[in-house]
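**Q** Sending over work37.cif (mmCIF, C-alpha atoms and all ligand atoms).
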data_coords
loop_
_atom_site.label_atom_id
_atom_site.label_comp_id
_atom_site.auth_asym_id
_atom_site.auth_seq_id
_atom_site.Cartn_x
_atom_site.Cartn_y
_atom_site.Cartn_z
CA MET A 1 -10.89 15.59 -9.91
CA SER A 2 -12.06 14.10 -6.70
CA PHE A 3 -13.44 10.76 -5.55
CA GLY A 4 -16.67 10.11 -7.44
CA THR A 5 -15.77 11.79 -10.72
CA GLY A 6 -14.06 10.89 -14.00
CA LYS A 7 -13.75 7.62 -15.86
CA ILE A 8 -13.32 4.12 -14.49
CA TRP A 9 -11.82 1.28 -16.51
CA MET A 10 -14.10 -1.79 -16.32
CA ASN A 11 -13.32 -4.99 -18.18
CA GLY A 12 -11.67 -3.15 -21.05
CA SER A 13 -13.95 -0.10 -21.38
CA LEU A 14 -13.76 3.37 -19.90
CA VAL A 15 -17.09 4.22 -18.29
CA ASN A 16 -18.34 7.20 -16.33
CA TRP A 17 -17.84 6.89 -12.56
CA GLY A 18 -21.58 6.72 -11.96
CA ASP A 19 -22.02 3.90 -14.46
CA ALA A 20 -19.35 1.60 -13.00
CA LYS A 21 -21.84 -0.78 -11.36
CA ILE A 22 -21.99 -4.48 -10.52
CA HIS A 23 -24.92 -6.72 -9.62
CA ILE A 24 -25.85 -7.24 -5.95
CA GLY A 25 -25.60 -10.97 -6.65
CA SER A 26 -21.92 -10.70 -7.53
CA HIS A 27 -19.77 -13.19 -5.65
CA VAL A 28 -17.43 -10.46 -4.41
CA VAL A 29 -20.24 -8.65 -2.57
CA HIS A 30 -21.08 -11.72 -0.50
CA TYR A 31 -17.72 -13.41 -0.01
CA GLY A 32 -15.07 -10.70 -0.38
CA SER A 33 -13.61 -12.51 -3.38
CA ALA A 34 -11.41 -9.75 -4.75
CA VAL A 35 -7.74 -8.91 -4.86
CA PHE A 36 -6.60 -5.37 -5.39
CA GLU A 37 -3.77 -2.86 -5.36
CA GLY A 38 -3.19 0.63 -4.11
CA ALA A 39 -0.53 2.58 -6.01
CA ARG A 40 0.10 6.24 -6.67
CA CYS A 41 1.33 8.52 -9.40
CA TYR A 42 3.02 11.81 -8.57
CA ASP A 43 3.39 15.18 -10.26
CA THR A 44 7.17 15.47 -10.71
CA PRO A 45 9.24 18.14 -12.48
CA ARG A 46 9.65 15.74 -15.44
CA GLY A 47 5.96 14.87 -15.62
CA THR A 48 3.45 12.51 -14.03
CA ALA A 49 5.16 9.38 -12.79
CA CYS A 50 3.75 6.14 -11.35
CA PHE A 51 5.72 4.80 -8.42
CA ARG A 52 6.70 1.12 -8.83
CA LEU A 53 3.59 0.30 -10.83
CA ASP A 54 5.17 -2.88 -12.18
CA THR A 55 5.83 -4.12 -8.63
CA HIS A 56 2.22 -3.39 -7.70
CA MET A 57 1.05 -5.33 -10.76
CA THR A 58 3.25 -8.27 -9.79
CA ARG A 59 1.73 -8.29 -6.31
CA LEU A 60 -1.77 -8.11 -7.84
CA PHE A 61 -1.07 -11.17 -9.93
CA ASP A 62 0.54 -12.96 -6.96
CA SER A 63 -2.59 -12.25 -4.94
CA ALA A 64 -4.78 -13.54 -7.79
CA LYS A 65 -2.71 -16.71 -8.07
CA ILE A 66 -3.02 -17.45 -4.35
CA TYR A 67 -6.81 -17.24 -4.76
CA ARG A 68 -6.87 -19.29 -8.00
CA MET A 69 -8.15 -16.35 -9.98
CA GLU A 70 -7.18 -16.06 -13.62
CA PRO A 71 -7.74 -12.50 -14.79
CA ALA A 72 -8.94 -12.16 -18.38
CA TYR A 73 -6.20 -9.56 -18.88
CA SER A 74 -2.44 -10.04 -18.72
CA LYS A 75 -0.26 -8.14 -16.30
CA ALA A 76 0.97 -5.97 -19.18
CA ASP A 77 -2.63 -5.30 -20.30
CA LEU A 78 -3.70 -4.14 -16.84
CA HIS A 79 -0.52 -2.12 -16.43
CA ASN A 80 -1.22 -0.35 -19.74
CA ALA A 81 -4.86 0.08 -18.75
CA VAL A 82 -3.75 1.97 -15.61
CA LEU A 83 -1.66 4.35 -17.74
CA GLU A 84 -4.54 4.74 -20.22
CA THR A 85 -7.00 5.51 -17.43
CA ILE A 86 -4.71 8.15 -15.91
CA ARG A 87 -4.38 9.75 -19.34
CA ALA A 88 -8.14 9.58 -19.98
CA ASN A 89 -8.76 11.39 -16.68
CA GLN A 90 -5.82 13.75 -17.23
CA TYR A 91 -4.60 13.31 -13.69
CA LYS A 92 -1.25 14.77 -12.74
CA ALA A 93 -1.19 12.95 -9.43
CA CYS A 94 -3.62 10.38 -8.07
CA TYR A 95 -4.20 7.21 -6.09
CA ILE A 96 -4.58 4.11 -8.30
CA ARG A 97 -6.88 1.24 -7.34
CA PRO A 98 -6.88 -1.77 -9.70
CA ILE A 99 -9.24 -4.53 -8.50
CA VAL A 100 -9.76 -8.06 -9.79
CA TYR A 101 -12.96 -9.63 -8.50
CA ARG A 102 -15.36 -12.53 -8.86
CA GLY A 103 -18.39 -11.20 -10.68
CA TYR A 104 -21.93 -12.41 -11.33
CA HIS A 105 -22.76 -16.06 -11.96
CA THR A 106 -23.86 -18.10 -8.93
CA LEU A 107 -23.76 -17.53 -5.20
CA GLY A 108 -22.33 -20.82 -4.05
CA VAL A 109 -19.24 -20.38 -1.92
CA ASN A 110 -17.15 -22.05 -4.64
CA PRO A 111 -15.68 -19.16 -6.62
CA LEU A 112 -14.21 -21.29 -9.40
CA PRO A 113 -17.15 -21.10 -11.86
CA VAL A 114 -17.57 -17.35 -11.34
CA PRO A 115 -16.07 -14.95 -13.92
CA VAL A 116 -13.02 -12.94 -12.91
CA ASP A 117 -13.67 -9.27 -13.69
CA ALA A 118 -11.36 -6.28 -13.40
CA ALA A 119 -11.63 -2.55 -12.85
CA ILE A 120 -9.34 0.43 -12.27
CA LEU A 121 -10.43 3.43 -10.20
CA LEU A 122 -8.47 6.63 -9.70
CA TRP A 123 -8.95 9.50 -7.30
CA GLU A 124 -7.05 12.29 -5.66
CA TRP A 125 -5.87 11.30 -2.21
CA GLY A 126 -3.65 13.50 -0.07
CA ALA A 127 -1.92 12.57 3.17
CA TYR A 128 -3.93 9.61 4.52
CA LEU A 129 -3.57 10.44 8.21
CA GLY A 130 -3.44 14.20 7.65
CA GLU A 131 -0.71 16.56 6.43
CA ASP A 132 0.20 17.60 9.97
CA CYS A 133 0.94 13.97 10.92
CA LEU A 134 3.77 13.75 8.40
CA THR A 135 5.71 16.17 10.59
CA ASN A 136 4.26 15.75 14.06
CA GLY A 137 3.49 12.05 14.07
CA VAL A 138 0.46 10.05 15.16
CA ASP A 139 -0.76 8.53 18.41
CA VAL A 140 -1.49 4.83 18.10
CA ARG A 141 -2.48 1.88 20.27
CA VAL A 142 -1.70 -1.79 20.14
CA SER A 143 -4.87 -3.38 18.84
CA SER A 144 -6.80 -5.94 20.80
CA TRP A 145 -7.31 -7.65 17.41
CA ALA A 146 -4.51 -9.88 16.11
CA ARG A 147 -3.54 -10.25 12.48
CA ALA A 148 -4.60 -13.49 10.80
CA ALA A 149 -2.63 -16.55 11.92
CA ALA A 150 -0.41 -18.35 9.44
CA ASN A 151 -2.37 -20.74 7.23
CA THR A 152 -5.70 -19.03 7.81
CA PHE A 153 -6.05 -15.93 5.61
CA PRO A 154 -2.92 -15.54 3.49
CA THR A 155 -1.46 -12.12 4.28
CA LEU A 156 0.88 -12.08 1.29
CA ALA A 157 -2.28 -11.68 -0.80
CA LYS A 158 -3.82 -8.22 -0.85
CA THR A 159 -7.37 -9.49 -0.78
CA SER A 160 -10.53 -7.61 0.15
CA SER A 161 -11.38 -10.17 2.81
CA ASN A 162 -8.23 -9.32 4.79
CA TYR A 163 -9.55 -5.80 5.22
CA ALA A 164 -12.34 -7.04 7.49
CA ASN A 165 -9.56 -7.51 10.04
CA SER A 166 -8.09 -4.09 9.15
CA ALA A 167 -11.50 -2.48 9.67
CA LEU A 168 -11.75 -3.93 13.19
CA ILE A 169 -8.29 -2.60 14.04
CA LYS A 170 -9.05 0.83 12.59
CA MET A 171 -12.50 1.22 14.17
CA GLU A 172 -11.22 0.26 17.60
CA ALA A 173 -8.35 2.76 17.30
CA ILE A 174 -10.38 5.74 16.13
CA THR A 175 -13.27 5.04 18.52
CA GLU A 176 -10.80 5.31 21.36
CA GLY A 177 -9.19 8.49 20.08
CA TYR A 178 -6.11 7.09 18.34
CA SER A 179 -5.17 7.58 14.69
CA GLU A 180 -4.28 3.96 14.09
CA GLY A 181 -3.85 0.54 15.63
CA ILE A 182 -0.82 -1.71 15.52
CA ALA A 183 -1.76 -5.37 15.34
CA LEU A 184 0.30 -8.19 16.74
CA ASP A 185 0.37 -11.61 15.12
CA THR A 186 -1.26 -14.52 16.91
CA ALA A 187 2.05 -15.39 18.61
CA GLY A 188 2.19 -11.88 20.07
CA TYR A 189 4.91 -10.44 17.83
CA ILE A 190 4.52 -7.05 16.18
CA SER A 191 2.84 -7.30 12.79
CA GLU A 192 1.60 -4.07 11.15
CA GLY A 193 -1.01 -1.32 11.13
CA SER A 194 -4.48 -1.64 9.60
CA GLY A 195 -3.18 -0.51 6.23
CA GLN A 196 0.52 0.15 6.64
CA ASN A 197 3.78 -1.53 7.60
CA LEU A 198 5.80 -0.56 10.64
CA PHE A 199 9.43 0.33 11.30
CA LEU A 200 11.20 0.88 14.62
CA VAL A 201 14.59 2.42 15.31
CA ARG A 202 16.71 1.58 18.32
CA ASN A 203 20.39 2.45 18.78
CA ASN A 204 20.54 3.58 15.14
CA ILE A 205 19.41 0.17 13.82
CA VAL A 206 16.29 0.10 11.68
CA TYR A 207 13.93 -2.82 12.43
CA THR A 208 10.85 -4.09 10.64
CA PRO A 209 8.81 -7.30 11.11
CA PRO A 210 9.46 -10.04 8.52
CA VAL A 211 6.88 -11.46 6.09
CA THR A 212 6.35 -14.34 8.54
CA ALA A 213 4.76 -11.89 11.03
CA SER A 214 1.41 -11.89 9.14
CA ILE A 215 2.19 -8.70 7.23
CA LEU A 216 1.31 -7.58 3.75
CA PRO A 217 4.70 -7.34 1.99
CA GLY A 218 4.48 -3.62 1.37
CA ILE A 219 6.10 -1.99 -1.60
CA THR A 220 6.81 1.14 0.44
CA ARG A 221 8.38 -1.11 3.09
CA ASP A 222 10.66 -2.60 0.44
CA SER A 223 11.47 0.88 -0.90
CA VAL A 224 12.24 2.25 2.57
CA MET A 225 14.48 -0.73 3.38
CA THR A 226 16.36 -0.08 0.13
CA LEU A 227 16.68 3.65 0.83
CA ALA A 228 17.82 2.96 4.41
CA LYS A 229 20.56 0.68 3.11
CA ASP A 230 21.50 3.30 0.49
CA LEU A 231 21.91 5.79 3.34
CA GLY A 232 24.17 3.35 5.20
CA PHE A 233 21.77 2.22 7.93
CA THR A 234 21.68 -1.34 9.21
CA VAL A 235 18.24 -2.79 8.49
CA ARG A 236 16.98 -5.88 10.28
CA GLU A 237 13.86 -7.82 9.37
CA GLU A 238 13.10 -9.76 12.51
CA MET A 239 10.33 -10.87 14.84
CA LEU A 240 9.82 -8.04 17.31
CA PRO A 241 8.23 -8.38 20.74
CA ARG A 242 5.49 -5.91 21.65
CA GLU A 243 7.64 -4.14 24.21
CA MET A 244 10.10 -3.07 21.49
CA LEU A 245 7.44 -0.51 20.61
CA TYR A 246 7.73 1.14 24.01
CA ILE A 247 11.51 1.31 24.14
CA ALA A 248 12.08 2.31 20.51
CA ASP A 249 13.92 5.58 19.88
CA GLU A 250 11.75 6.15 16.81
CA ALA A 251 8.80 4.46 15.13
CA PHE A 252 7.04 5.10 11.85
CA PHE A 253 4.43 3.70 9.48
CA VAL A 254 5.00 3.22 5.77
CA GLY A 255 2.59 2.50 2.95
CA THR A 256 1.27 3.86 -0.32
CA ALA A 257 -1.46 5.73 1.53
CA VAL A 258 0.49 6.95 4.60
CA GLU A 259 3.82 7.24 2.72
CA VAL A 260 6.21 7.67 5.70
CA THR A 261 4.37 8.82 8.83
CA PRO A 262 6.09 9.14 12.22
CA ILE A 263 4.54 7.61 15.35
CA ARG A 264 4.87 9.79 18.43
CA SER A 265 3.19 7.59 21.00
CA VAL A 266 2.05 4.01 21.46
CA ASP A 267 -0.51 3.19 24.17
CA LYS A 268 0.02 6.72 25.51
CA MET A 269 3.73 6.07 25.99
CA GLN A 270 5.92 8.63 24.28
CA ILE A 271 8.29 7.32 21.59
CA GLY A 272 11.74 8.94 21.80
CA ASN A 273 11.29 12.65 22.41
CA GLY A 274 7.70 12.55 21.13
CA ARG A 275 8.60 14.14 17.81
CA ARG A 276 9.72 12.86 14.43
CA GLY A 277 13.13 11.29 14.99
CA PRO A 278 16.22 12.01 12.87
CA ILE A 279 16.31 8.63 11.10
CA THR A 280 12.58 8.81 10.38
CA GLU A 281 13.11 12.27 8.95
CA ALA A 282 16.06 11.16 6.79
CA LEU A 283 14.09 8.22 5.39
CA GLN A 284 10.98 10.33 4.89
CA GLN A 285 13.07 12.90 3.03
CA ALA A 286 14.72 10.22 0.88
CA PHE A 287 11.33 8.68 0.07
CA PHE A 288 9.68 12.01 -0.79
CA ASP A 289 12.69 12.99 -2.90
CA VAL A 290 12.34 9.82 -4.97
CA ILE A 291 8.57 9.86 -5.42
CA ASN A 292 8.54 13.54 -6.27
CA GLY A 293 11.36 13.10 -8.78
CA ARG A 294 13.69 15.47 -6.91
CA ILE A 295 16.68 13.13 -7.02
CA GLU A 296 18.04 10.62 -9.50
CA ASP A 297 15.76 7.60 -9.77
CA LYS A 298 18.59 5.14 -9.43
CA HIS A 299 16.36 2.14 -8.77
CA GLY A 300 14.13 2.77 -11.79
CA TRP A 301 10.99 3.19 -9.66
CA LEU A 302 9.31 5.96 -11.65
CA GLU A 303 7.35 5.37 -14.83
CA TYR A 304 6.22 8.46 -16.68
CA VAL A 305 2.68 8.48 -17.97
CA TYR A 306 2.20 11.07 -20.69
CA GLU A 307 3.54 11.40 -24.23
CA GLY A 308 6.75 13.41 -24.38
CA GLU A 309 7.77 12.55 -20.82
CA PRO A 310 10.69 10.19 -20.22
CA ARG A 311 9.40 6.59 -20.26
CA ARG A 312 11.57 5.53 -17.40
CA ALA A 313 14.61 7.07 -15.76
CA ALA A 314 17.76 5.63 -17.32
CA ALA A 315 19.78 4.45 -14.38
CA ALA A 316 22.06 1.67 -13.34
CA GLY A 317 19.98 -1.36 -12.46
CA ALA A 318 16.79 0.18 -13.79
CA ARG A 319 14.57 -2.13 -15.78
CA THR A 320 13.98 -1.00 -19.32
CA ALA A 321 10.69 0.55 -20.30
CA ARG A 322 8.04 -1.87 -21.34
CA ALA A 323 7.20 -1.91 -25.02
C1 LIG B 1 -2.41 -4.20 5.60
C2 LIG B 1 -1.42 -3.39 4.84
N1 LIG B 1 -0.12 -3.47 5.15
C3 LIG B 1 0.81 -2.76 4.49
C4 LIG B 1 0.45 -1.90 3.47
C5 LIG B 1 1.51 -1.13 2.75
O1 LIG B 1 1.73 -1.65 1.47
P1 LIG B 1 2.24 -0.75 0.28
O2 LIG B 1 3.46 -0.08 0.75
O3 LIG B 1 2.51 -1.71 -0.82
O4 LIG B 1 1.16 0.21 -0.02
C6 LIG B 1 -0.87 -1.79 3.10
C7 LIG B 1 -1.24 -0.89 2.01
O5 LIG B 1 -2.12 -1.08 1.27
C8 LIG B 1 -1.84 -2.55 3.80
O6 LIG B 1 -3.14 -2.45 3.49
#
Represent the structure contained in this file as C-alpha cells.
Ligand SMILES: Cc1ncc(COP(=O)(O)O)c(C=O)c1O
**A**
Amino acid sequence: MSFGTGKIWMNGSLVNWGDAKIHIGSHVVHYGSAVFEGARCYDTPRGTACFRLDTHMTRLFDSAKIYRMEPAYSKADLHNAVLETIRANQYKACYIRPIVYRGYHTLGVNPLPVPVDAAILLWEWGAYLGEDCLTNGVDVRVSSWARAAANTFPTLAKTSSNYANSALIKMEAITEGYSEGIALDTAGYISEGSGQNLFLVRNNIVYTPPVTASILPGITRDSVMTLAKDLGFTVREEMLPREMLYIADEAFFVGTAVEVTPIRSVDKMQIGNGRRGPITEALQQAFFDVINGRIEDKHGWLEYVYEGEPRRAAAAGARTARA
C-alpha cells in the first residue's frame, strides 16, 4: 500500500486514511504543537521486524515531556498500537509515523488546557534520497540557515516546530540543485542535515557532532556508532569546525529515512575520491545487514510483528520481549 491508503490509528481507533481528520482550529495547526517519531519496519527472512521501536517510543515520550504534554496512552500502549496498526494494514515493510499533538479546544498560545491526541500513520517509503544515492552518494551544501541555538528550540525533542528550520534548509538546498543541506549550529560548528545526522571520516577515525551541537539525537546515529565500535573503529563525538567537511576522507548521512547515505561533495568540493568510501561502505553494509535480519541481532534491535515470528532475537544484552 502506498501513502494515502490503509488504516490510521487515531486516539485508540483504526480509521480509514481518508477519515483521519482534525479540526482547522486544532492547536497543532496554528502553533506546531506536536511531537512525533519516524521509525521503520523491514521485511526480513524471519518476518516483519521493527527496528528499535522501543527506543523510538522512548524518544517520543522524552519529546512529549520536554513540551509538558501528557499523552492519554502509555508508552507500552502506543508501542502496541504501532504493532496493531502494522498488522491491520498487513504491511511487510513500512515507515512508521506516531504523532502526539495538541488537538481542538482553544486557540490561545498556552497549550496546557488543550487535549493531547495521538495518531499512527504508516506508508511505504523507499530510499529517501533515491536508490542510486545509496551507492553513488549525494551532493550537498552548507546551509545559510543555522540550527536552533541552545535554549531556544530544544533539539533533543523531535517536535513539528523544529521542522520549520529543516524546511528552510531543504528548500534552499534543492532550489540550488543540491540534494541536501548541512546546517551549522549558531557557533559555527557542524550540526546535521535537515532530517539526518552526519558522520565524517578522517585518517580512519569516525567523527560525529555531539548532542550539544543542536542535533536531534538520532537512533540511526546511535546504531551506527555502536556498529562502528563493533567493527573496531575509533568513534569520536566532538564539535567539528565547518572546514572538517572539506578535508574529510569520507562523509555520510544517517537517519531512519536516509538510512546510511554517502556524501560525495560539499559546496562543490569533492569528498575523498568522490565515491562511497570504504568505511562508509562497511558501516552501510553492517547497518543493512542488521535491519534486514541478515546477521545475528546481537543488540536486540529487531522486534518481530506478526504471530508465529520470533518476538525478539535472543541475544546477549538483548532486552526481553515486552509482555
Ligand atoms: C533533524 C533530524 N536529525 C536526525 C534525524 C535522524 O534520526 P533517526 O536516526 O532517529 O531517524 C532525523 C530523523 O528524523 C531528523 O529529522
**Q** Restrict the calculation to only C-alpha atoms and all ligand atoms, then for each residue of chain A with any atom at most 7 Å from an atom of ligand LIG 1 (chain B) give the closest atom pair and their distance in Å to one decimal, rows by chain and rising residue number, as a tab-separated table.
**A**
residue	atom	partner	partner_atom	distance
A:Gly38	CA	B:LIG1	O5	5.7
A:Ala39	CA	B:LIG1	O4	6.7
A:Ser166	CA	B:LIG1	C1	6.7
A:Glu192	CA	B:LIG1	N1	6.3
A:Gly193	CA	B:LIG1	C1	6.4
A:Ser194	CA	B:LIG1	C1	5.2
A:Gly195	CA	B:LIG1	O6	3.4
A:Gln196	CA	B:LIG1	C3	3.6
A:Asn197	CA	B:LIG1	C3	4.5
A:Ile215	CA	B:LIG1	N1	6.1
A:Leu216	CA	B:LIG1	N1	4.6
A:Pro217	CA	B:LIG1	O1	6.4
A:Gly218	CA	B:LIG1	O1	3.4
A:Ile219	CA	B:LIG1	O3	3.7
A:Thr220	CA	B:LIG1	O2	3.6
A:Arg221	CA	B:LIG1	O2	5.5
A:Val254	CA	B:LIG1	O2	6.2
A:Gly255	CA	B:LIG1	O2	3.5
A:Thr256	CA	B:LIG1	O4	3.7
A:Ala257	CA	B:LIG1	O4	6.3
**Q** Tell me, counting all atoms listed in the file, for each residue of stretch 68-120 of chain A within 6 Å of stretch 13-35 of chain A, which pair of atoms is nearest and how far apart they are in Å to one decimal, in rows ordered by chain and increasing number, as CSV.
**A**
residue,atom,partner,partner_atom,distance
A:Ile99,CA,A:Val35,CA,5.9
A:Val100,CA,A:Val35,CA,5.4
A:Tyr101,CA,A:Ala34,CA,4.1
A:Arg102,CA,A:Val28,CA,5.3
A:Gly103,CA,A:Ser26,CA,4.8
A:Tyr104,CA,A:Ser26,CA,4.2
A:Leu107,CA,A:His27,CA,5.9
**Q** So which one's closest to A:Ala157, A:Arg202, A:Arg242, A:His79, A:Arg59? Using only C-alpha atoms, please.
**A**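 Among A:Arg202, A:Arg242, A:His79, A:Arg59, it is A:Arg59 that comes nearest to A:Ala157.
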**Q** Find the residue from A:Pro262, A:Gly181, A:Pro113, A:Pro98 that sits nearest to A:Cys133; use all atoms listed in the file when measuring.
**A** A:Pro262
**Q** Calculate how many Å separate atom CA of A:Ala213 from atom CA of A:Lys158, rounding to one decimal.
**A**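 Computing it gives 15.1 Å between the two atoms.
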**Q** Rounded to one decimal place, report the atom CA of A:Cys94-atom CA of A:Val260 distance in Å.
**A**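 Pair atom CA of A:Cys94 / atom CA of A:Val260 returns 17.1 Å.
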**Q** If we count all atoms listed in the file, what is near A:Phe287 at a cut-off of 8 Å, once residues fewer than 6 positions away on the same chain are taken out, given as number ranges by chain?
**A** A: 223-224, 227, 260
**Q** Enter the distance from atom CA of A:Phe3 to atom CA of A:Glu124, in Å, rounded to one decimal.
**A** 6.6 Å
**Q** So that I can see what lies close to A:Glu180, please list as a PDB file with C-alpha atoms, in the coordinates of the input the residues with an atom at most 9 Å from it, counting all atoms listed in the file and leaving out residues fewer than 4 positions away in the same chain.
**A**
ATOM      1  CA  LEU A 129      -3.570  10.440   8.210  1.00  0.00           C
ATOM      2  CA  VAL A 138       0.460  10.050  15.160  1.00  0.00           C
ATOM      3  CA  ASP A 139      -0.760   8.530  18.410  1.00  0.00           C
ATOM      4  CA  VAL A 140      -1.490   4.830  18.100  1.00  0.00           C
ATOM      5  CA  ARG A 141      -2.480   1.880  20.270  1.00  0.00           C
ATOM      6  CA  VAL A 142      -1.700  -1.790  20.140  1.00  0.00           C
ATOM      7  CA  SER A 143      -4.870  -3.380  18.840  1.00  0.00           C
ATOM      8  CA  ILE A 169      -8.290  -2.600  14.040  1.00  0.00           C
ATOM      9  CA  LYS A 170      -9.050   0.830  12.590  1.00  0.00           C
ATOM     10  CA  MET A 171     -12.500   1.220  14.170  1.00  0.00           C
ATOM     11  CA  GLU A 172     -11.220   0.260  17.600  1.00  0.00           C
ATOM     12  CA  ALA A 173      -8.350   2.760  17.300  1.00  0.00           C
ATOM     13  CA  ILE A 174     -10.380   5.740  16.130  1.00  0.00           C
ATOM     14  CA  GLY A 193      -1.010  -1.320  11.130  1.00  0.00           C
ATOM     15  CA  SER A 194      -4.480  -1.640   9.600  1.00  0.00           C
TER      16      SER A 194
END
